[in-house]
Each structure stands twice: as C-alpha cells, then as structure tokens.
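This report concerns only the one structure given below.
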Amino acid sequence: MKRFAVALLLATGMNLVYAGSDQQPGPNETKWKKECGSCHVAYPPRLMSAENWQGLMDGLDKHFGSNASLDAKDNKQILAFLKRNASNGNLYSSSSLRISDTPWFKREHHVIAAKEWDHADVKSRSNCESCHGATVLGS
Ligand code: HEC
Ligand code: HEC
C-alpha cells in the first residue's frame, strides 16, 4: 500500500511496538498477532484501556460490521494478553471501543486536517499503516 504524504510529518523514531522488551513473544502474544492482525494491523494493546479491550473481546461476533469470533479458549488467552499490556484511564477509553475515538488519539493527531483523513490513501482513521507503515506498527 502506498504511504500517505503526511508520513513526512512523522517524527523519526516513532515507535508503535506495544512494548520495548526484547523478550521472546509468549504464546498469547503469538496468538493475538495471528488472530488480530489478519484483517488489519494488530492494534497495540497499550493504546486502549483494559475495560475497552474486555468490551471489544465480548462482542467479537459484531465487530465493527465483521464477525471476528474466536473459540472461548483463544478469546480468553488473547484478552489476558491485551489486558496485561493495556493502559489505564479516560485518555485511553472510548464508548465506541475504538482507539481512534479515544481522547489520547485525538490529542496526538490534532495536527491532521479533515482533508488528510479523507485522502484516498487513508480513508479511515483505523488505517494506521497508511501513515505509520506496518513495520513501525510492529506487526
Ligand atoms: C474478520 C476481520 C477482523 C478480525 C479477525 C479482527 N478485526 Fe478488528 N476490525 C475489523 C474491521 C472491519 C474494523 C473496522 C475498520 C474501520 O472502521 O476502518 C476493525 C476495527 C478494530 C478496532 C478499532 C480500530 C480503531 O479505529 O481504533 C480495534 C481496536 C480492533 N478492530 C481490534 C481487533 C482485535 C483485538 C482483534 C482480534 C481479537 C480483531 N480486531 C480482529 C475487522 C476484523
Ligand atoms: C492520516 C495519517 C495518520 C493515521 C491514519 C494515523 N496516524 Fe498516528 N500519527 C500521525 C501523525 C501526523 C502523528 C503526529 C506525529 C508527531 O506529532 O510527531 C501521529 C502520532 C501517533 C502516535 C504518537 C507518536 C509516537 O511516536 O508514538 C501514535 C502512537 C500513533 N499516531 C498511532 C496511531 C494508530 C494506532 C493509528 C490507527 C488507529 C494512527 N496512528 C493513525 C498520522 C496518522
């Protein structure tokens, strides 16, 4: 996918990897990357609250217009991983269960004009990789 021009604005050293550790990924993390990175980038757990991840994992059969259901065991393991790496507080929470609707996201992206969000290469705020690139997202 073509990188959107706003990427030029991005500060160097931007790091979306959820954790800075150099440990080997555990089985729950491997499962998360596989299951939650198949339709879109695996959104970093630290960008949403544990409560929001819980709500999202409870409603995977109606996941933003898609059915992303998992069996109970996989759901439990992925939720444990998400919660362990989640952030706390209102800054990282939204009733829509979208990272892109949290106060943190709005604050961090206030430099972006409406026409940039609507750009043909972006289209959706959820399309993180169009600006950040899949490699910086760590997935
Ligand atoms: C069958 C495809 C599919 C799978 C599998 C899937 N998703 Fe999604 N997800 C979507 C779609 C479609 C959207 C909405 C994208 C948009 O609005 O542009 C979405 C959106 C999201 C968002 C909101 C993004 C934002 O705007 O902040 C989060 C968070 C999310 N997914 C997490 C997950 C997690 C966690 C998993 C694994 C348990 C997962 N997804 C698995 C299809 C999927
Ligand atoms: C239209 C392009 C665009 C899209 C789409 C976009 N971002 Fe950003 N993002 C930016 C810009 C520009 C900044 C501000 C960079 C700065 O101030 O240095 C930023 C800042 C950030 C930062 C803070 C900077 C850092 O170094 O960590 C994070 C984290 C981030 N975005 C994550 C995301 C996630 C996750 C998504 C998808 C849910 C997303 N972004 C979607 C352009 C975008």
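Every chain in the structure tokens has a letter given in the order shown (A, B, ...), and although residue numbers restart at 1 in each chain, ligands are simply numbered from 1 in the order shown.
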Give as an MDAnalysis selection string the residues surrounding ligand 1 up to a distance of 8 Å, considering only C-alpha atoms and all ligand atoms.
chainID A and resid 32 35:40 42:43 48 53 56:57 60 63:70 75 78:79 82 97:101 123:127
DSSP on the backbone: what in segment 25-109 of chain A comes out alpha helix (DSSP H), as a PyMOL selection string?
chain A and resi 27-36+50-58+72-84+103-108
Looking at only C-alpha atoms and all ligand atoms, which of A:Asp74, A:Glu29, A:Glu51, A:Glu108 is the one that sits closest to ligand 2?
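Nearest to ligand 2: A:Glu108.
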Just the number, please: distance in Å from atom CA of His132 of chain A to atom 4 (C, counted along the ligand's line) of ligand 2, one decimal.
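Between atom CA of His132 of chain A and atom 4 (C, counted along the ligand's line) of ligand 2 the gap is 6.8 Å.
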May I ask which of the residues A:Ala86, A:Ala50, A:Val111, A:Ala134 is the closest one to ligand 2, counting only C-alpha atoms and all ligand atoms?
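Among the listed residues, the smallest separation from ligand 2 belongs to A:Val111.
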Between atom 31 (N, counted along the ligand's line) of ligand 2 and atom CA of Lys83 of chain A, what is the distance in Å, rounded to a tenth?
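Straight-line distance from atom 31 (N, counted along the ligand's line) of ligand 2 to atom CA of Lys83 of chain A works out to 20.6 Å.
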Nearest to ligand 2: which of A:Pro103, A:Pro44, A:Gly89, A:Gly59 is it, counting only C-alpha atoms and all ligand atoms?
A:Pro44
Run DSSP on the backbone of this structure and report the residues of segment 3-138 of chain A it assigns to strand (DSSP E or B), as a ChimeraX atom specification.
/A:49,63,66,87
One decimal, Å: what's the distance from atom 6 (C, counted along the ligand's line) of ligand 2 over to atom CA of Tyr92 of chain A, could you say?
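Answer for the atom 6 (C, counted along the ligand's line) of ligand 2 to atom CA of Tyr92 of chain A separation: 15.5 Å.
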So that I can check the surroundings of Trp104 of chain A, please list as a list in words every protein, DNA and RNA residue that reaches within 9 Å of it, counting only C-alpha atoms and ignoring chain neighbours fewer than 6 positions away.
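After dropping sequence-adjacent residues, the list is Leu47, Asn90, Leu91, Tyr92 and Ser93 of chain A.
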Write the residues of the selection above to a file with N, CA, C and O atoms, as a PDB file, in the first residue's frame.
ATOM      1  N   LEU A  47      -2.651   1.088  23.605  1.00  0.00           N
ATOM      2  CA  LEU A  47      -3.405   2.265  23.164  1.00  0.00           C
ATOM      3  C   LEU A  47      -4.867   2.227  23.580  1.00  0.00           C
ATOM      4  O   LEU A  47      -5.646   3.100  23.209  1.00  0.00           O
ATOM      5  N   ASN A  90      -9.239   7.473  31.382  1.00  0.00           N
ATOM      6  CA  ASN A  90     -10.145   8.011  30.375  1.00  0.00           C
ATOM      7  C   ASN A  90      -9.445   8.371  29.076  1.00  0.00           C
ATOM      8  O   ASN A  90     -10.060   8.349  28.008  1.00  0.00           O
ATOM      9  N   LEU A  91      -8.162   8.725  29.166  1.00  0.00           N
ATOM     10  CA  LEU A  91      -7.419   9.095  27.951  1.00  0.00           C
ATOM     11  C   LEU A  91      -7.434   7.958  26.938  1.00  0.00           C
ATOM     12  O   LEU A  91      -7.341   8.192  25.738  1.00  0.00           O
ATOM     13  N   TYR A  92      -7.505   6.742  27.449  1.00  0.00           N
ATOM     14  CA  TYR A  92      -7.406   5.562  26.579  1.00  0.00           C
ATOM     15  C   TYR A  92      -8.736   4.817  26.465  1.00  0.00           C
ATOM     16  O   TYR A  92      -8.746   3.632  26.172  1.00  0.00           O
ATOM     17  N   SER A  93      -9.820   5.520  26.714  1.00  0.00           N
ATOM     18  CA  SER A  93     -11.125   4.866  26.675  1.00  0.00           C
ATOM     19  C   SER A  93     -12.073   5.591  25.735  1.00  0.00           C
ATOM     20  O   SER A  93     -12.036   6.817  25.634  1.00  0.00           O
TER      21      SER A  93
END
For ligand 2, the nearest of the candidates A:Gly26, A:Gln77, A:Trp117, A:Asn85, counting only C-alpha atoms and all ligand atoms
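Of all the options, A:Trp117 lies closest to ligand 2.
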Hey, which of A:Ala80, A:Ser87, A:Arg46, A:Lys62 ends up closest to ligand 2? Count only C-alpha atoms and all ligand atoms.
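Looking only at the distances to ligand 2, the closest residue turns out to be A:Arg46.
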Smallest atom-to-atom distance to ligand 2: which of A:Lys33, A:Lys73, A:His109, A:Lys115, using only C-alpha atoms and all ligand atoms?
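Checking each candidate against ligand 2, we get A:His109 as the closest.
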